[in-house]
Amino acid sequence: MKENKLTKNILKTLSEYKINEKDILSVCPADLSFDGEYILGYVFLTDKYIGVCKSDIPTGYVHFFRGTKVHKKIEAEDLADYEVKLFDLQKLEHIHTERMIGAVLLTGEYDGSSVKIASLTNTYLEQINLFVRHTKNIKNGKPFDYEIVGKEAEEEDEESLYCPICGTMYPDPAKKVCPKCTNKRTIFARVLRYFFKYKFLIAILFLSYAMGAAISVAWPYLSGKVLFSYVLEKDNEFLARFGLSGKYLLALLVLALVMIGCRLIAELTNMVQMTLMAKVATSTVKDIKTDVFGAMSKLSLNFFTSKQTGGLMTRVLSDSNRVTEFFIDGIPSIFIQGMTIIVTFVVMYRLNWQMALIACILLPLLVFMTVKLRPGLWNLSGKRHRAEKAVSSKANDNLTGARVVKAFGQEDAETERFINPNNNLKEAEINIVKLRNRFTILYSLVQEVSSIWIWIIGVFFVLKTDKIDLGVLLTFVGYVAQLNGPMNFFSRVFRMWSESINAAQRLFEIIDSIPEITEKEDPVRLTKPRGEIELQNVTFGYTVSRNVLKNINLKVKEGEVLGIVGRSGAGKSTLVNLISRLYDVKEGTIKIDGIDVKDLSLADLRKNVAMVSQDTYIFMGSVAKNIAYGNENASGDEIIRAAKLAGAHDFISKMPDGYDTIIGASGKDLSGGERQRISIARAILANPKILILDEATASVDTETEKAIQNSLRMLVKGRTTLSIAHRLSTLRDADRLIVIDNGRIVEEGTHAELDRNEEGIFHKLNELQNKSLAESSF
Amino acid sequence: MADNNSINTFEKEAEEMTVMRVITSKDKFERTAGGFVNLTFEGVKYERVKIVRLFPFTDENKYISVRENTDKAREIGIIEDMDSFDDETREIISEQLRLNYFTPVIKKIMSIKDEYGYAYFHVMTDKGECNFAINMASNAVTKLSDSRLIIMDLDENRFEIRDVNALTQKERRKLDLFL
């Protein structure tokens, strides 16, 4: 479907309603009927109407969804006849979209009763949301707002959404990478760039490979032709060239020495190869891992919630190892082994072309079979990766949930559940080995058969004709045996290639992901922050269809303590996440000291906004390091002071290693309250201008809470503080409170003011908490 | 005692959250002109209710939650079994569910191509021939059981394969990557 234009046929029909093309302000496809069938359809907006056009799907129509559509000038829907229905904008109220499982519904109230206007697939979700915003604007008498544009409409011409090579739509309009045209060669070239850093080492590596190859080519010649045909046959003409004519024993000795020398050099190059390979491989793996990890940490929080950590770990850990195998072991070998094969054949051809021909008669078969078997390897590599991911996800899931597993006595059941993915991984590995074996068998078969072939025909030649002598025959057999190595290698190289490129592809996917939160070019620095926060018409939702915050307007003065109250799920945490820009607002602006947070440098923003949240995280390392997280240069004095203020000093000094106690994943376990206090200390040490306390004292006992409250009271001095709390008593000292319900600010005022409003949510909550406190004290 | 009243309403709300109500064939569903459904339950009329399957995959005709059309979408009651209703009512409810849970079922796989992080599907569904792409990095393919898959395209449009074993050997091999 055309994304934002009506077809000629519709326009013709519309002219009967006195609607011209220029009256149409916004268009969105509506490709579903109300009883759940695909249709051809559009909704459009004029300054008087919302119109809906519908037509049945022509037979044989093919649906194309995002990323698959090929750009075409004329499509079937251009020719179809549409039925048009108009809704008078005057009578239409509360127009909005509702997202369902597989469809989106555009609905509103028409003449006072609810009506379904149109329905569509998720494909056009973003577009219909824009359409609704336009409609609301027009209805409110505002002019058409050209500023409201979506990801796709931003592109001035539609063409730029399609790949110029194959004409297919980009799956991700922001990235403009056509997966179909990004072939494996580009990935290959990108990986290669990682190795360029080690040019010198790789050059030496190549040299040693070449040396090894030269020796292996010379070896059969020395041990065959030279030994038998020249030295043992006492060929004086040949020996004279080395000044050894007549000195047969000496010649034999020299030959033996040369041969020993060759072996020595071969072993030596082998050693050099191993050392260098280990060095280059590990260094590159390290580089790739660093890049992937770096790219991953820059990505927005969304990325981590939408992917399983198990899957991500597979990428960082095993994929980066797998990438290098082909490049380190494979590429130089392809070069060398390929050369060995060619040189061997050339030498064989020069020695006796008939026999050379016989030796390589099976090669075309080999090439044919290889081409046929290769795609299988690619798929198997992908499959193994998925199986691996499933296993590590399962293990990860289990380990993090170990407490629940044990509490419910599910150890055996979990082991049982682990068997399945584990089995799949085994199967996947076996399949790869099976296919690999097929390659190996094929290649060694060809080599063996050729070798026997040469023996039979060679002996025939030696006995029946005078064309060749025993020396030549032995040389030939030697050369065919020499092919064993390269053949073996080539049977492996395709698997290595598949695995390497497959893994590289997954890594580049991460490296290429664009973080949703990006710093503006040339951002505004916040050198002397005052800590003033202003939210204007802020609307935000984690998904396109559901807004968690709706049209929030809020101003927090410098140094003010603002309490935020509301039921769970009301949007309190979301509000503070937006202020520290963990997510970007959908509509409206957030300003700190009058500057839009999107224009601020991220480093300055994060430095000046510190958060103590309900999910505390303790990193591996010492207590002191954890408190000084994000503030490495803090002195011991500062750390202790921060810990004191957070009420953490006491329990820290009771620990055997004091501030040097190793905590976190592998170290000593802390209680929930202790963790909380460490994260408060962390925030105190950061000394931010804006402090966000998101249920900061939720998991400490009343006594500790009191202590922390006291220290917080000192802490908030000179800072702007936003404090979220369920326990309203925590917020007694706040200058002002806001109550959020269903994404909106519903009440605002001081503790006393809010409590006076007996119908208000705050009053109810307060009463309820006082009552339960009173009850529990009986 | 205004204070006590407000506490009581609050507690009532809390209590209501925990009550399970069952909608039976005695309660009346009716279509509205605008294409929605009204429900009269225990004498109270609820307009344009929302109908939600609680077990959309394992049992699509049992345990259906009917909810108010408000921001909070409070539950009015649960239909324990659709079969306990007459054909007319069943049809009224099913109409809403069909759009709600619109999911084409894949009948035939023409091709699946794995290209640089995306997989391109060309399939025949019960709703017609479809081409869609999925992101290989996200969890686009959900295995409901060993033989049942839900596939989500880049826009989270859903496609379903009810029974992998009903596909031909050749089609299964194309799908191999995801099994």
# chains A, B, ... in the order shown; residues from 1 in each chain; ligands from 1
call {"tool": "closest_atom_pairs", "arguments": {"of": "stretch 1-60 of chain B", "to": "stretch 93-105 of chain B", "cutoff": "10 Å", "atoms": "only C-alpha atoms", "output": "CSV"}}
result
residue,atom,partner,partner_atom,distance
B:Phe29,CA,B:Ile93,CA,8.0
B:Glu30,CA,B:Ile93,CA,9.1
B:Arg31,CA,B:Ile93,CA,9.2
B:Gly35,CA,B:Gln96,CA,8.8
B:Phe36,CA,B:Gln96,CA,7.6
B:Val37,CA,B:Ile93,CA,7.9
B:Lys50,CA,B:Gln96,CA,8.6
B:Ile51,CA,B:Leu97,CA,7.0
B:Val52,CA,B:Leu97,CA,7.6
B:Arg53,CA,B:Leu97,CA,8.1
B:Pro56,CA,B:Tyr101,CA,8.4
B:Glu60,CA,B:Leu97,CA,9.6
call {"tool": "residues_around", "arguments": {"residues": "A:Ala646", "least_positions_apart": "4", "cutoff": "12 Å", "atoms": "only C-alpha atoms", "output": "number ranges by chain"}}
result
A: 612, 627, 639-642, 650-652, 673-685, 696-697, 704-715
call {"tool": "write_last_selection", "arguments": {"atoms": "C-alpha atoms", "output": "CSV table (one decimal), in the first residue's frame"}}
result
chain,number,residue,atom,x,y,z
A,612,VAL,CA,18.7,6.3,44.5
A,627,ILE,CA,30.4,4.1,47.1
A,639,ILE,CA,33.8,8.2,51.2
A,640,ILE,CA,33.6,7.8,55.0
A,641,ARG,CA,31.6,11.1,55.3
A,642,ALA,CA,29.2,9.9,52.6
A,650,ASP,CA,28.4,1.6,61.3
A,651,PHE,CA,27.7,-1.6,59.5
A,652,ILE,CA,30.7,-1.1,57.2
A,673,GLY,CA,18.8,-2.3,53.8
A,674,GLU,CA,22.6,-2.4,53.6
A,675,ARG,CA,22.6,-2.3,49.9
A,676,GLN,CA,20.1,0.6,50.0
A,677,ARG,CA,22.4,2.6,52.3
A,678,ILE,CA,25.4,2.0,50.1
A,679,SER,CA,23.5,3.3,47.1
A,680,ILE,CA,22.4,6.3,49.1
A,681,ALA,CA,26.0,6.9,50.0
A,682,ARG,CA,26.9,6.6,46.4
A,683,ALA,CA,24.4,9.4,45.6
A,684,ILE,CA,25.7,11.6,48.4
A,685,LEU,CA,29.2,11.3,47.2
A,696,ALA,CA,15.0,5.1,48.6
A,697,THR,CA,14.0,3.8,52.1
A,704,THR,CA,17.2,2.8,60.0
A,705,GLU,CA,14.7,4.7,58.0
A,706,LYS,CA,14.6,7.3,60.7
A,707,ALA,CA,18.4,7.5,60.6
A,708,ILE,CA,18.4,7.8,56.9
A,709,GLN,CA,15.6,10.4,57.0
A,710,ASN,CA,17.7,12.5,59.3
A,711,SER,CA,20.7,12.3,57.0
A,712,LEU,CA,18.6,12.9,54.0
A,713,ARG,CA,17.3,16.1,55.7
A,714,MET,CA,20.9,17.3,55.7
A,715,LEU,CA,21.5,16.0,52.3
call {"tool": "closest_residue", "arguments": {"among": "B:Asp71, B:Glu171, B:Glu13, B:Glu160", "to": "chain A", "atoms": "only C-alpha atoms"}}
result
B:Asp71
call {"tool": "residues_around", "arguments": {"residues": "A:Gly112", "least_positions_apart": "5", "cutoff": "12 Å", "atoms": "only C-alpha atoms", "output": "list in words"}}
result
Gln90, Lys91, Leu92, Glu93, His94 and Ile95 of chain A; Ala33 and Gly34 of chain B
call {"tool": "interface_residues", "arguments": {"of": "chain A", "to": "chain B", "cutoff": "7 Å", "atoms": "only C-alpha atoms", "output": "PDB file with C-alpha atoms, in the first residue's frame"}}
result
ATOM      1  CA  PHE A  34     -14.012  -4.993  11.878  1.00  0.00           C
ATOM      2  CA  ASP A  35     -14.567  -8.728  11.658  1.00  0.00           C
ATOM      3  CA  GLY A  36     -10.878  -9.452  11.300  1.00  0.00           C
ATOM      4  CA  GLU A  37     -10.148  -9.786   7.591  1.00  0.00           C
ATOM      5  CA  TYR A  38      -7.587  -7.987   5.467  1.00  0.00           C
ATOM      6  CA  TYR A  61      -3.431 -10.131  -3.690  1.00  0.00           C
ATOM      7  CA  VAL A  62      -0.157 -10.416  -1.819  1.00  0.00           C
ATOM      8  CA  HIS A  63       0.315  -8.553   1.453  1.00  0.00           C
ATOM      9  CA  PHE A  64       3.638  -6.941   2.125  1.00  0.00           C
ATOM     10  CA  PHE A  65       4.620  -5.902   5.627  1.00  0.00           C
ATOM     11  CA  ARG A  66       7.405  -3.697   6.842  1.00  0.00           C
ATOM     12  CA  GLY A  67      10.736  -4.431   5.331  1.00  0.00           C
ATOM     13  CA  THR A  68       9.490  -6.678   2.558  1.00  0.00           C
ATOM     14  CA  MET A 100      -5.338  -4.790  20.613  1.00  0.00           C
ATOM     15  CA  ILE A 101      -3.300  -7.945  20.219  1.00  0.00           C
ATOM     16  CA  GLY A 102      -3.038  -8.099  16.474  1.00  0.00           C
ATOM     17  CA  ALA A 103      -4.822  -4.953  15.435  1.00  0.00           C
ATOM     18  CA  SER A 114     -19.164   4.968  20.741  1.00  0.00           C
ATOM     19  CA  VAL A 115     -18.294   4.015  17.225  1.00  0.00           C
ATOM     20  CA  LYS A 116     -15.573   2.025  15.496  1.00  0.00           C
ATOM     21  CA  THR A 121      -2.673  -3.899  11.492  1.00  0.00           C
ATOM     22  CA  ASN A 122       0.186  -2.851  13.742  1.00  0.00           C
ATOM     23  CA  THR A 123       2.118  -1.919  10.607  1.00  0.00           C
ATOM     24  CA  PRO A 179      19.894  -6.905   4.792  1.00  0.00           C
ATOM     25  CA  LYS A 180      19.467  -8.432   1.362  1.00  0.00           C
ATOM     26  CA  THR A 182      24.599  -6.451   2.788  1.00  0.00           C
ATOM     27  CA  SER A 306      13.733  -6.587  24.974  1.00  0.00           C
ATOM     28  CA  LYS A 307      16.548  -9.120  24.779  1.00  0.00           C
ATOM     29  CA  ASN A 379      22.043 -22.712   8.484  1.00  0.00           C
ATOM     30  CA  GLY A 382      22.736 -20.164  12.921  1.00  0.00           C
ATOM     31  CA  LYS A 383      20.869 -22.977  14.507  1.00  0.00           C
ATOM     32  CA  GLN A 505      27.059 -10.774  11.616  1.00  0.00           C
ATOM     33  CA  ARG A 506      25.531 -11.061  15.067  1.00  0.00           C
ATOM     34  CA  GLU A 509      24.204  -6.131  14.611  1.00  0.00           C
ATOM     35  CA  LYS A 764      -7.509   8.495  51.578  1.00  0.00           C
ATOM     36  CA  GLU A 767      -5.946   7.793  56.480  1.00  0.00           C
ATOM     37  CA  LEU A 768      -5.444   4.256  55.384  1.00  0.00           C
TER      38      LEU A 768
END
call {"tool": "select_by_dssp", "arguments": {"residues": "stretch 322-565 of chain A", "states": "strand (DSSP E or B)", "output": "PDB file with N, CA and C atoms, in the first residue's frame"}}
result
ATOM      1  N   VAL A 524      24.968  21.487  25.054  1.00  0.00           N
ATOM      2  CA  VAL A 524      25.144  22.580  26.015  1.00  0.00           C
ATOM      3  C   VAL A 524      25.761  22.005  27.288  1.00  0.00           C
ATOM      4  N   ILE A 533      13.833  22.449  37.619  1.00  0.00           N
ATOM      5  CA  ILE A 533      13.289  21.470  36.662  1.00  0.00           C
ATOM      6  C   ILE A 533      11.951  21.968  36.163  1.00  0.00           C
ATOM      7  N   GLU A 534      11.731  21.827  34.875  1.00  0.00           N
ATOM      8  CA  GLU A 534      10.438  22.214  34.354  1.00  0.00           C
ATOM      9  C   GLU A 534       9.968  21.197  33.329  1.00  0.00           C
ATOM     10  N   LEU A 535       8.738  20.713  33.513  1.00  0.00           N
ATOM     11  CA  LEU A 535       8.157  19.787  32.545  1.00  0.00           C
ATOM     12  C   LEU A 535       7.000  20.486  31.862  1.00  0.00           C
ATOM     13  N   GLN A 536       7.020  20.474  30.538  1.00  0.00           N
ATOM     14  CA  GLN A 536       5.932  21.118  29.802  1.00  0.00           C
ATOM     15  C   GLN A 536       5.229  20.102  28.924  1.00  0.00           C
ATOM     16  N   ASN A 537       3.960  19.899  29.166  1.00  0.00           N
ATOM     17  CA  ASN A 537       3.109  19.010  28.358  1.00  0.00           C
ATOM     18  C   ASN A 537       3.775  17.671  28.069  1.00  0.00           C
ATOM     19  N   VAL A 538       4.372  17.077  29.075  1.00  0.00           N
ATOM     20  CA  VAL A 538       5.122  15.849  28.830  1.00  0.00           C
ATOM     21  C   VAL A 538       4.196  14.638  28.710  1.00  0.00           C
ATOM     22  N   THR A 539       4.333  13.946  27.606  1.00  0.00           N
ATOM     23  CA  THR A 539       3.595  12.704  27.392  1.00  0.00           C
ATOM     24  C   THR A 539       4.616  11.633  27.073  1.00  0.00           C
ATOM     25  N   PHE A 540       4.443  10.479  27.674  1.00  0.00           N
ATOM     26  CA  PHE A 540       5.412   9.412  27.443  1.00  0.00           C
ATOM     27  C   PHE A 540       4.773   8.037  27.630  1.00  0.00           C
ATOM     28  N   LEU A 549       2.506   8.477  30.980  1.00  0.00           N
ATOM     29  CA  LEU A 549       2.353   9.848  31.483  1.00  0.00           C
ATOM     30  C   LEU A 549       1.612  10.655  30.436  1.00  0.00           C
ATOM     31  N   LYS A 550       0.650  11.425  30.909  1.00  0.00           N
ATOM     32  CA  LYS A 550      -0.145  12.174  29.953  1.00  0.00           C
ATOM     33  C   LYS A 550      -0.123  13.652  30.296  1.00  0.00           C
ATOM     34  N   ASN A 551       0.431  14.420  29.418  1.00  0.00           N
ATOM     35  CA  ASN A 551       0.354  15.866  29.507  1.00  0.00           C
ATOM     36  C   ASN A 551       0.729  16.419  30.892  1.00  0.00           C
ATOM     37  N   ILE A 552       1.914  16.095  31.341  1.00  0.00           N
ATOM     38  CA  ILE A 552       2.354  16.530  32.670  1.00  0.00           C
ATOM     39  C   ILE A 552       2.976  17.921  32.587  1.00  0.00           C
ATOM     40  N   ASN A 553       2.510  18.813  33.448  1.00  0.00           N
ATOM     41  CA  ASN A 553       3.121  20.132  33.578  1.00  0.00           C
ATOM     42  C   ASN A 553       3.572  20.277  35.014  1.00  0.00           C
ATOM     43  N   LEU A 554       4.827  20.617  35.191  1.00  0.00           N
ATOM     44  CA  LEU A 554       5.351  20.653  36.542  1.00  0.00           C
ATOM     45  C   LEU A 554       6.565  21.569  36.583  1.00  0.00           C
ATOM     46  N   LYS A 555       6.643  22.333  37.663  1.00  0.00           N
ATOM     47  CA  LYS A 555       7.813  23.198  37.798  1.00  0.00           C
ATOM     48  C   LYS A 555       8.382  22.983  39.199  1.00  0.00           C
ATOM     49  N   VAL A 556       9.659  22.657  39.261  1.00  0.00           N
ATOM     50  CA  VAL A 556      10.277  22.487  40.569  1.00  0.00           C
ATOM     51  C   VAL A 556      11.341  23.551  40.710  1.00  0.00           C
ATOM     52  N   VAL A 561      12.026  20.614  47.756  1.00  0.00           N
ATOM     53  CA  VAL A 561      11.869  19.174  47.947  1.00  0.00           C
ATOM     54  C   VAL A 561      10.450  18.814  47.529  1.00  0.00           C
ATOM     55  N   LEU A 562      10.356  18.023  46.476  1.00  0.00           N
ATOM     56  CA  LEU A 562       9.049  17.675  45.948  1.00  0.00           C
ATOM     57  C   LEU A 562       8.775  16.201  46.221  1.00  0.00           C
ATOM     58  N   GLY A 563       7.658  15.944  46.866  1.00  0.00           N
ATOM     59  CA  GLY A 563       7.276  14.554  47.103  1.00  0.00           C
ATOM     60  C   GLY A 563       6.332  14.100  46.010  1.00  0.00           C
ATOM     61  N   ILE A 564       6.511  12.864  45.547  1.00  0.00           N
ATOM     62  CA  ILE A 564       5.626  12.334  44.519  1.00  0.00           C
ATOM     63  C   ILE A 564       4.912  11.115  45.089  1.00  0.00           C
ATOM     64  N   VAL A 565       3.593  11.176  45.049  1.00  0.00           N
ATOM     65  CA  VAL A 565       2.784  10.127  45.655  1.00  0.00           C
ATOM     66  C   VAL A 565       1.888   9.518  44.585  1.00  0.00           C
TER      67      VAL A 565
END
call {"tool": "atom_distance", "arguments": {"atom1": "atom CA of A:Gly376", "atom2": "atom CA of A:Ala278"}}
result
29.7 Å
call {"tool": "residues_around", "arguments": {"residues": "B:Phe41", "least_positions_apart": "6", "cutoff": "10 Å", "atoms": "only C-alpha atoms", "output": "PyMOL selection string"}}
result
chain B and resi 22-24+26-29+76-77
call {"tool": "select_by_dssp", "arguments": {"residues": "stretch 382-548 of chain A", "states": "helix (DSSP H, G or I)", "output": "CSV table (one decimal) with C-alpha atoms, in the first residue's frame"}}
result
chain,number,residue,atom,x,y,z
A,382,GLY,CA,22.7,-20.2,12.9
A,383,LYS,CA,20.9,-23.0,14.5
A,384,ARG,CA,23.7,-23.8,16.8
A,385,HIS,CA,23.8,-20.2,17.9
A,386,ARG,CA,20.2,-20.2,18.8
A,387,ALA,CA,20.5,-23.5,20.7
A,388,GLU,CA,23.5,-22.0,22.6
A,389,LYS,CA,21.5,-18.9,23.4
A,390,ALA,CA,18.6,-21.0,24.7
A,391,VAL,CA,20.9,-22.9,27.0
A,392,SER,CA,22.6,-19.9,28.4
A,393,SER,CA,19.3,-18.1,28.8
A,394,LYS,CA,17.9,-21.1,30.7
A,395,ALA,CA,21.0,-21.3,32.9
A,396,ASN,CA,21.0,-17.6,33.5
A,397,ASP,CA,17.3,-17.6,34.3
A,398,ASN,CA,17.8,-20.4,36.7
A,399,LEU,CA,20.8,-19.0,38.5
A,400,THR,CA,19.2,-15.6,39.0
A,402,ALA,CA,17.9,-19.8,42.4
A,403,ARG,CA,16.1,-18.6,45.6
A,404,VAL,CA,12.7,-19.2,44.2
A,405,VAL,CA,13.7,-22.5,42.7
A,406,LYS,CA,14.9,-23.7,46.1
A,407,ALA,CA,12.0,-22.2,48.0
A,411,GLU,CA,15.6,-28.2,41.6
A,412,ASP,CA,14.8,-31.5,39.9
A,413,ALA,CA,12.0,-30.0,37.7
A,414,GLU,CA,14.4,-27.2,36.6
A,415,THR,CA,17.1,-29.7,35.8
A,416,GLU,CA,14.4,-31.6,33.8
A,417,ARG,CA,13.6,-28.3,32.0
A,418,PHE,CA,17.2,-27.7,31.3
A,419,ILE,CA,17.6,-31.0,29.5
A,420,ASN,CA,15.5,-29.9,26.5
A,421,PRO,CA,17.5,-26.9,25.4
A,422,ASN,CA,20.7,-28.7,26.3
A,423,ASN,CA,19.6,-31.6,24.1
A,424,ASN,CA,18.9,-29.3,21.3
A,425,LEU,CA,22.3,-27.9,21.6
A,426,LYS,CA,23.8,-31.4,21.5
A,427,GLU,CA,21.7,-32.1,18.4
A,428,ALA,CA,22.9,-28.9,16.7
A,429,GLU,CA,26.5,-29.7,17.5
A,430,ILE,CA,26.1,-33.3,16.2
A,431,ASN,CA,24.5,-32.0,13.0
A,432,ILE,CA,27.5,-29.7,12.4
A,433,VAL,CA,29.9,-32.5,13.1
A,434,LYS,CA,28.0,-34.8,10.8
A,435,LEU,CA,28.1,-32.3,7.9
A,436,ARG,CA,31.8,-31.6,8.7
A,437,ASN,CA,32.5,-35.3,8.5
A,438,ARG,CA,30.9,-35.5,5.2
A,439,PHE,CA,33.3,-32.9,4.0
A,440,THR,CA,36.3,-34.7,5.5
A,441,ILE,CA,35.3,-38.0,4.1
A,442,LEU,CA,34.7,-36.5,0.7
A,443,TYR,CA,38.1,-34.8,0.6
A,444,SER,CA,40.1,-37.6,2.0
A,445,LEU,CA,38.4,-40.1,-0.3
A,446,VAL,CA,39.3,-38.1,-3.3
A,447,GLN,CA,42.9,-37.9,-2.1
A,448,GLU,CA,43.1,-41.6,-1.3
A,449,VAL,CA,41.5,-42.7,-4.5
A,450,SER,CA,43.9,-40.5,-6.5
A,451,SER,CA,46.8,-41.9,-4.6
A,452,ILE,CA,45.8,-45.5,-5.4
A,453,TRP,CA,45.1,-44.5,-8.9
A,454,ILE,CA,48.7,-43.2,-9.3
A,455,TRP,CA,50.2,-46.3,-7.8
A,456,ILE,CA,48.4,-48.6,-10.2
A,457,ILE,CA,48.9,-46.5,-13.3
A,458,GLY,CA,52.4,-45.6,-12.3
A,459,VAL,CA,53.5,-49.2,-11.8
A,460,PHE,CA,51.9,-50.0,-15.2
A,461,PHE,CA,54.0,-47.2,-16.8
A,462,VAL,CA,57.2,-48.3,-15.1
A,463,LEU,CA,56.8,-51.9,-16.0
A,464,LYS,CA,55.3,-51.6,-19.5
A,470,LEU,CA,60.8,-45.4,-10.2
A,471,GLY,CA,62.1,-42.1,-8.9
A,472,VAL,CA,59.4,-40.2,-10.7
A,473,LEU,CA,56.7,-42.5,-9.6
A,474,LEU,CA,57.8,-42.2,-6.0
A,475,THR,CA,57.9,-38.4,-6.4
A,476,PHE,CA,54.3,-38.5,-7.7
A,477,VAL,CA,53.1,-40.6,-4.9
A,478,GLY,CA,54.8,-38.2,-2.5
A,479,TYR,CA,53.1,-35.3,-4.1
A,480,VAL,CA,49.6,-36.9,-4.0
A,481,ALA,CA,50.2,-37.7,-0.3
A,482,GLN,CA,51.4,-34.1,0.1
A,484,ASN,CA,46.5,-34.6,2.2
A,485,GLY,CA,47.1,-31.6,4.3
A,486,PRO,CA,45.6,-29.0,2.0
A,487,MET,CA,42.6,-31.2,1.2
A,488,ASN,CA,42.0,-31.7,4.9
A,489,PHE,CA,42.2,-28.0,5.4
A,490,PHE,CA,39.8,-27.2,2.6
A,491,SER,CA,37.3,-29.7,4.0
A,492,ARG,CA,37.3,-27.6,7.2
A,493,VAL,CA,37.6,-24.1,5.8
A,494,PHE,CA,33.9,-23.8,4.7
A,495,ARG,CA,32.7,-24.6,8.2
A,496,MET,CA,35.1,-22.1,9.6
A,497,TRP,CA,33.9,-19.5,7.1
A,498,SER,CA,30.3,-20.1,7.9
A,499,GLU,CA,30.8,-20.0,11.6
A,500,SER,CA,33.0,-16.9,11.5
A,501,ILE,CA,30.8,-14.8,9.3
A,502,ASN,CA,27.7,-16.0,11.1
A,503,ALA,CA,29.1,-14.9,14.4
A,504,ALA,CA,30.5,-11.6,13.0
A,505,GLN,CA,27.1,-10.8,11.6
A,506,ARG,CA,25.5,-11.1,15.1
A,507,LEU,CA,28.3,-8.9,16.6
A,508,PHE,CA,27.9,-6.2,14.0
A,509,GLU,CA,24.2,-6.1,14.6
A,510,ILE,CA,25.0,-4.9,18.1
A,511,ILE,CA,27.7,-2.6,17.1
A,512,ASP,CA,25.5,-1.1,14.5
call {"tool": "residues_around", "arguments": {"residues": "stretch 81-85 of chain B", "least_positions_apart": "2", "cutoff": "9 Å", "atoms": "only C-alpha atoms", "output": "list in words"}}
result
Thr24, Ser25, Lys26, Asn61, Lys62, Tyr63, Ile64, Ile78, Ile79, Asp87, Glu88, Thr89, Arg90 and Ile93 of chain B
call {"tool": "residues_around", "arguments": {"residues": "A:Phe327", "least_positions_apart": "4", "cutoff": "8 Å", "atoms": "only C-alpha atoms", "output": "JSON, numbers by chain"}}
result
{"A": [192, 323, 331, 332, 500]}
call {"tool": "residues_around", "arguments": {"residues": "B:Asp146", "least_positions_apart": "4", "cutoff": "10 Å", "atoms": "only C-alpha atoms", "output": "list of chain:residue names"}}
result
B:Asp163, B:Val164, B:Asn165, B:Leu179
call {"tool": "atom_distance", "arguments": {"atom1": "atom CA of A:Ile202", "atom2": "atom CA of A:Val292"}}
result
23.4 Å
call {"tool": "decode", "arguments": {"residues": "stretch 52-62 of chain B", "atoms": "N, CA and C atoms", "output": "CSV table (one decimal), in the first residue's frame"}}
result
chain,number,residue,atom,x,y,z
B,52,VAL,N,-11.6,-9.9,26.8
B,52,VAL,CA,-10.2,-10.3,26.8
B,52,VAL,C,-10.1,-11.8,27.1
B,53,ARG,N,-9.3,-12.5,26.3
B,53,ARG,CA,-9.1,-13.9,26.6
B,53,ARG,C,-8.0,-14.0,27.7
B,54,LEU,N,-8.2,-14.9,28.7
B,54,LEU,CA,-7.2,-15.0,29.7
B,54,LEU,C,-6.2,-16.1,29.4
B,55,PHE,N,-6.6,-17.1,28.5
B,55,PHE,CA,-5.7,-18.1,28.0
B,55,PHE,C,-5.8,-18.1,26.5
B,56,PRO,N,-5.3,-17.1,25.9
B,56,PRO,CA,-5.5,-17.0,24.4
B,56,PRO,C,-4.9,-18.2,23.6
B,57,PHE,N,-3.9,-18.8,24.2
B,57,PHE,CA,-3.3,-19.9,23.4
B,57,PHE,C,-3.8,-21.2,23.9
B,58,THR,N,-3.8,-21.4,25.2
B,58,THR,CA,-4.1,-22.8,25.6
B,58,THR,C,-5.6,-23.1,25.5
B,59,ASP,N,-6.4,-22.1,25.8
B,59,ASP,CA,-7.9,-22.4,25.7
B,59,ASP,C,-8.6,-21.1,25.4
B,60,GLU,N,-8.8,-20.9,24.1
B,60,GLU,CA,-9.3,-19.6,23.6
B,60,GLU,C,-10.8,-19.4,23.9
B,61,ASN,N,-11.5,-20.5,24.2
B,61,ASN,CA,-13.0,-20.4,24.5
B,61,ASN,C,-13.3,-20.4,25.9
B,62,LYS,N,-12.4,-20.6,26.8
B,62,LYS,CA,-12.6,-20.6,28.2
B,62,LYS,C,-12.0,-19.4,28.9
